[in-house]
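Right, one structure below, let's go through it.
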Amino acid sequence: MSPARRVAPDRRRTKPNYRMGVEATLFIAPALILFAVFVVWPMIRAVQFSLYKWKGYGPLVDFVGLKNYVSVLSNDVFTGALMHNLIIVVASILMQLPLGLLIALLLNRKMFGRGLLRTIVFVPYILAEVIVAVVWFQLLQPKYGAIDTLLASIGIKGPEQGFLGTPEYALATVMVVLTWKYLGFAVILFLAGLQGVPEELNEAAQIDGASWWQTQRKITIPLLGPTLRTWVFLSMVGSLQLFDMVWILTKGGPANSTTTMVTFLITEGTKRSNFGIASAASVILFVIALTLALLYQRFVMRRDNPDYVPRSQRSK
């Protein structure tokens with residue numbers, strides 16, 4: 001066969017690949033444009049604003065460099081807000097993970113009314129954050145709220161300013177509301193992961209004489225590892241960005257006892273018109289969230305990669 005005849009089939013094979021590349025570009029282009037307009041461009045502008053002392057109107061002329069970042073990092077309210085976010089991250093995992101896993105394991109068993117119980121657990125998650133916060137704000141009103149009335153009926157007196165109005169109880173109260181709101185998401189996610197656990201393994205363990213708890217501890221929970229790690233990642237990122245629930249319940253008070261990084265930058269930007277400070281805080285929040293996410297993926301979620309080999313099994 002001549003060389004000219006051998007080239008023709010190669011050209012015919014490259015045409016579909018070229019066409020697929022053009023089609024893929026056309027399909028992806030709208031999403032990329034939206035991402036660039038609503039994510040990348042605001043991030044660039046936030047970095048730009050953070051380098052100026054700007055009140056939200058007029059041109060950017062008062063360049064201050066990194067002074068806004070220094071002001072934010074040296075601000076006791078912001079450092080306290082950062083600590084609150086970290087507390088919420090840890091508390092969310094410690095409270096929702098074991099409770100959600102236990103409920104998921106129980107609801108995964110065959111029982112009467114299982115579908116109804118699953119719905120009841122999941123309903124709080126599908127409610128809007130604003131609705132949940134407003135309802136709990138009314139329930140937690142001092143003296144006349146349903147919570148204080150219930151406690152008074154059994155001889156317990158609530159705080160004079162209410163649970164949300166007392167600095168010692170405010171953050172813990174917010175955590176209880178957050179757990180009630182987001183526990184359903186953990187349960188549904190864990191239930192979905194449990195559907196991928198082969199039933200044959202549980203049956204074999206029962207034949208060997210293992211109890212229900214031993215089967216869950218030795219077989220089910222280890223196989224549920226990827227789902228658990230994914231939920232922890234989502235919970236961590238969501239806790240760092242927490243705003244709406246806290247804003248409606250306490251607005252960061254009392255005495256900044258529930259301030260988060262997002263409520264701090266919203267207060268600086270909308271109430272005090274310090275948009276340079278608010279932009280610097282938003283950039284710092286982005287860097288912290290991105291760093292934690294990358295570290296988590298690097299050291300925790302990499303084991304879910306099919307090509308991952310534990311260090312103990314690597315050849316020396």
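Every chain in the structure tokens has a letter given in the order shown (A, B, ...), and although residue numbers restart at 1 in each chain, ligands are simply numbered from 1 in the order shown.
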Point to revise | Polymer residues at most 9 Å from Ala186 (chain A), only C-alpha atoms, same-chain spacing of 2 or more positions, as a count of residues only | key: 14
Could you make a table, as CSV, of the residues of region 39-150 of chain A that have an atom within 12 Å of an atom of region 193-216 of chain A, each with its nearest atom pair and distance in Å to one decimal, counting only C-alpha atoms, in chain and number order?
residue,atom,partner,partner_atom,distance
A:Leu101,CA,A:Leu194,CA,10.2
A:Leu102,CA,A:Gln216,CA,10.2
A:Ala104,CA,A:Leu194,CA,8.3
A:Leu105,CA,A:Gln216,CA,8.1
A:Leu106,CA,A:Gln216,CA,10.7
A:Leu107,CA,A:Leu194,CA,10.4
A:Asn108,CA,A:Leu194,CA,7.5
A:Arg109,CA,A:Leu194,CA,10.6
Can I get the selection written as a PDB file, in the first residue's frame, with C-alpha atoms?
ATOM      1  CA  LEU A 101     -24.303   7.527  61.760  1.00  0.00           C
ATOM      2  CA  LEU A 102     -26.255   5.912  64.590  1.00  0.00           C
ATOM      3  CA  ALA A 104     -28.619   5.972  59.683  1.00  0.00           C
ATOM      4  CA  LEU A 105     -27.654   2.505  60.906  1.00  0.00           C
ATOM      5  CA  LEU A 106     -30.949   2.166  62.768  1.00  0.00           C
ATOM      6  CA  LEU A 107     -33.043   3.451  59.854  1.00  0.00           C
ATOM      7  CA  ASN A 108     -31.233   1.111  57.491  1.00  0.00           C
ATOM      8  CA  ARG A 109     -32.806  -1.853  59.273  1.00  0.00           C
TER       9      ARG A 109
END
Exercise for review: For region 131-146 of chain A, list every protein, DNA or RNA residue within 9 Å, evaluated using only C-alpha atoms, and leave out those in the same chain fewer than 5 positions away; present the list as a PyMOL selection string.
Suggested key: chain A and resi 124+151-152+157-165+177+181+244-250
Those same residues, written as a compact mmCIF listing (two decimals), in the first residue's frame with N, CA, C and O atoms?
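Output (again-v8.txt):
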# COMPACT_ATOMS: atom_id res chain seq x y z
N PRO A 124 -36.13 18.82 58.43
CA PRO A 124 -35.44 20.06 58.82
C PRO A 124 -34.41 20.53 57.81
O PRO A 124 -34.21 21.74 57.64
N LEU A 151 -39.05 24.52 80.24
CA LEU A 151 -38.11 24.35 81.34
C LEU A 151 -38.72 24.78 82.67
O LEU A 151 -38.51 24.13 83.70
N ALA A 152 -39.50 25.88 82.64
CA ALA A 152 -40.13 26.35 83.87
C ALA A 152 -41.15 25.35 84.39
O ALA A 152 -41.35 25.23 85.61
N LYS A 157 -35.10 27.11 85.64
CA LYS A 157 -35.18 28.50 85.21
C LYS A 157 -34.09 28.79 84.19
O LYS A 157 -32.92 28.54 84.42
N GLY A 158 -34.50 29.30 83.04
CA GLY A 158 -33.55 29.63 82.00
C GLY A 158 -32.80 30.91 82.31
O GLY A 158 -33.11 31.63 83.27
N PRO A 159 -31.77 31.25 81.52
CA PRO A 159 -31.02 32.49 81.72
C PRO A 159 -31.94 33.71 81.64
O PRO A 159 -32.92 33.71 80.90
N GLU A 160 -31.62 34.74 82.40
CA GLU A 160 -32.44 35.94 82.45
C GLU A 160 -32.60 36.56 81.07
O GLU A 160 -33.68 37.04 80.70
N GLN A 161 -31.52 36.61 80.28
CA GLN A 161 -31.55 37.19 78.94
C GLN A 161 -31.84 36.16 77.85
O GLN A 161 -31.75 36.48 76.67
N GLY A 162 -32.16 34.95 78.25
CA GLY A 162 -32.41 33.91 77.27
C GLY A 162 -31.13 33.22 76.84
O GLY A 162 -30.02 33.72 77.08
N PHE A 163 -31.26 32.09 76.22
CA PHE A 163 -30.08 31.34 75.80
C PHE A 163 -29.31 32.05 74.69
O PHE A 163 -28.09 31.96 74.63
N LEU A 164 -30.01 32.76 73.83
CA LEU A 164 -29.33 33.48 72.76
C LEU A 164 -28.78 34.82 73.21
O LEU A 164 -27.92 35.39 72.54
N GLY A 165 -29.27 35.33 74.33
CA GLY A 165 -28.83 36.63 74.82
C GLY A 165 -27.76 36.56 75.89
O GLY A 165 -27.32 37.60 76.39
N VAL A 177 -29.08 24.35 67.35
CA VAL A 177 -29.95 24.66 66.21
C VAL A 177 -29.33 24.14 64.91
O VAL A 177 -30.02 23.57 64.06
N LYS A 181 -30.80 21.33 62.33
CA LYS A 181 -31.05 21.69 60.93
C LYS A 181 -30.34 20.75 59.96
O LYS A 181 -30.93 20.30 58.96
N ASP A 244 -26.12 32.79 57.53
CA ASP A 244 -27.53 33.14 57.63
C ASP A 244 -28.16 32.75 58.96
O ASP A 244 -28.88 33.55 59.58
N MET A 245 -27.88 31.53 59.43
CA MET A 245 -28.48 31.09 60.69
C MET A 245 -28.01 31.95 61.86
O MET A 245 -28.80 32.40 62.69
N VAL A 246 -26.71 32.22 61.91
CA VAL A 246 -26.16 33.04 62.99
C VAL A 246 -26.68 34.46 62.90
O VAL A 246 -27.01 35.08 63.92
N TRP A 247 -26.77 34.99 61.70
CA TRP A 247 -27.18 36.39 61.53
C TRP A 247 -28.60 36.62 62.02
O TRP A 247 -28.90 37.63 62.66
N ILE A 248 -29.50 35.68 61.75
CA ILE A 248 -30.89 35.84 62.17
C ILE A 248 -31.05 35.56 63.66
O ILE A 248 -31.80 36.24 64.36
N LEU A 249 -30.33 34.58 64.16
CA LEU A 249 -30.47 34.22 65.57
C LEU A 249 -29.85 35.24 66.50
O LEU A 249 -30.45 35.64 67.51
N THR A 250 -28.64 35.69 66.21
CA THR A 250 -27.91 36.56 67.16
C THR A 250 -27.25 37.77 66.54
O THR A 250 -26.81 38.65 67.27
Review point. Skipping near chain neighbours, those fewer than 4 positions away, what residues fall within 6 Å of region 279-291 of chain A using only C-alpha atoms, listed as number ranges by chain?
Key: A: 46, 50, 69, 265, 275
Residues from the last selection, N, CA, C and O atoms, saved as an mmCIF file, in the first residue's frame:
data_model
loop_
_atom_site.group_PDB
_atom_site.id
_atom_site.type_symbol
_atom_site.label_atom_id
_atom_site.label_comp_id
_atom_site.auth_asym_id
_atom_site.auth_seq_id
_atom_site.Cartn_x
_atom_site.Cartn_y
_atom_site.Cartn_z
ATOM 1 N N ALA A 46 -12.585 41.562 44.690
ATOM 2 C CA ALA A 46 -12.418 41.560 46.144
ATOM 3 C C ALA A 46 -10.962 41.782 46.520
ATOM 4 O O ALA A 46 -10.660 42.541 47.455
ATOM 5 N N SER A 50 -9.533 45.066 48.534
ATOM 6 C CA SER A 50 -8.838 44.869 49.799
ATOM 7 C C SER A 50 -7.553 45.680 49.893
ATOM 8 O O SER A 50 -6.992 45.814 50.990
ATOM 9 N N TYR A 69 -5.241 44.035 55.546
ATOM 10 C CA TYR A 69 -5.007 42.684 56.032
ATOM 11 C C TYR A 69 -4.418 42.702 57.435
ATOM 12 O O TYR A 69 -4.792 41.880 58.290
ATOM 13 N N LEU A 265 -17.325 40.252 58.240
ATOM 14 C CA LEU A 265 -17.107 41.030 57.018
ATOM 15 C C LEU A 265 -18.406 41.702 56.556
ATOM 16 O O LEU A 265 -18.362 42.799 55.970
ATOM 17 N N PHE A 275 -15.410 48.845 53.235
ATOM 18 C CA PHE A 275 -15.400 47.797 52.223
ATOM 19 C C PHE A 275 -13.996 47.256 51.974
ATOM 20 O O PHE A 275 -13.832 46.122 51.544
#
Review point. Which neighbours of Ile277 (chain A) fall inside 12 Å, counting only C-alpha atoms, when residues of the same chain fewer than 4 positions from it are skipped, and could you give them as a ChimeraX atom specification?
Key: /A:46-56,64-75,78,264-270,272-273,281-284
Exercise for review: Go ahead and compute the interatomic distance for CA of Tyr125 (chain A) and CA of Thr149 (chain A), in Å to one decimal.
Suggested key: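 Distance reported for this atom pair: 26.1 Å.
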**Study point:** Interatomic distance (Å, one decimal) between CA of Asn85 (chain A) and CA of Ala170 (chain A)
**Key:**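 Taking CA of Asn85 (chain A) and CA of Ala170 (chain A), their separation equals 13.9 Å.
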Check your understanding: So what do you get for CA of Phe233 (chain A) versus CA of Thr260 (chain A), distance-wise?
Key -> 18.8 Å
Exercise for review: Going by DSSP on the backbone, which bits of region 26-230 of chain A are alpha helix (DSSP H)? Write them as a ChimeraX atom specification, please.
Suggested key: /A:26-35,41-49,67-73,76-107,114-126,129-139,146-153,167-194,199-207,212-215,221-223,225-230
Exercise for review: Find the residues around Thr259 (chain A) up to 7 Å (only C-alpha atoms counted), leave out those fewer than 5 positions away in its own chain, and share them as a PyMOL selection string.
Suggested key: chain A and resi 81+84+252-253+264
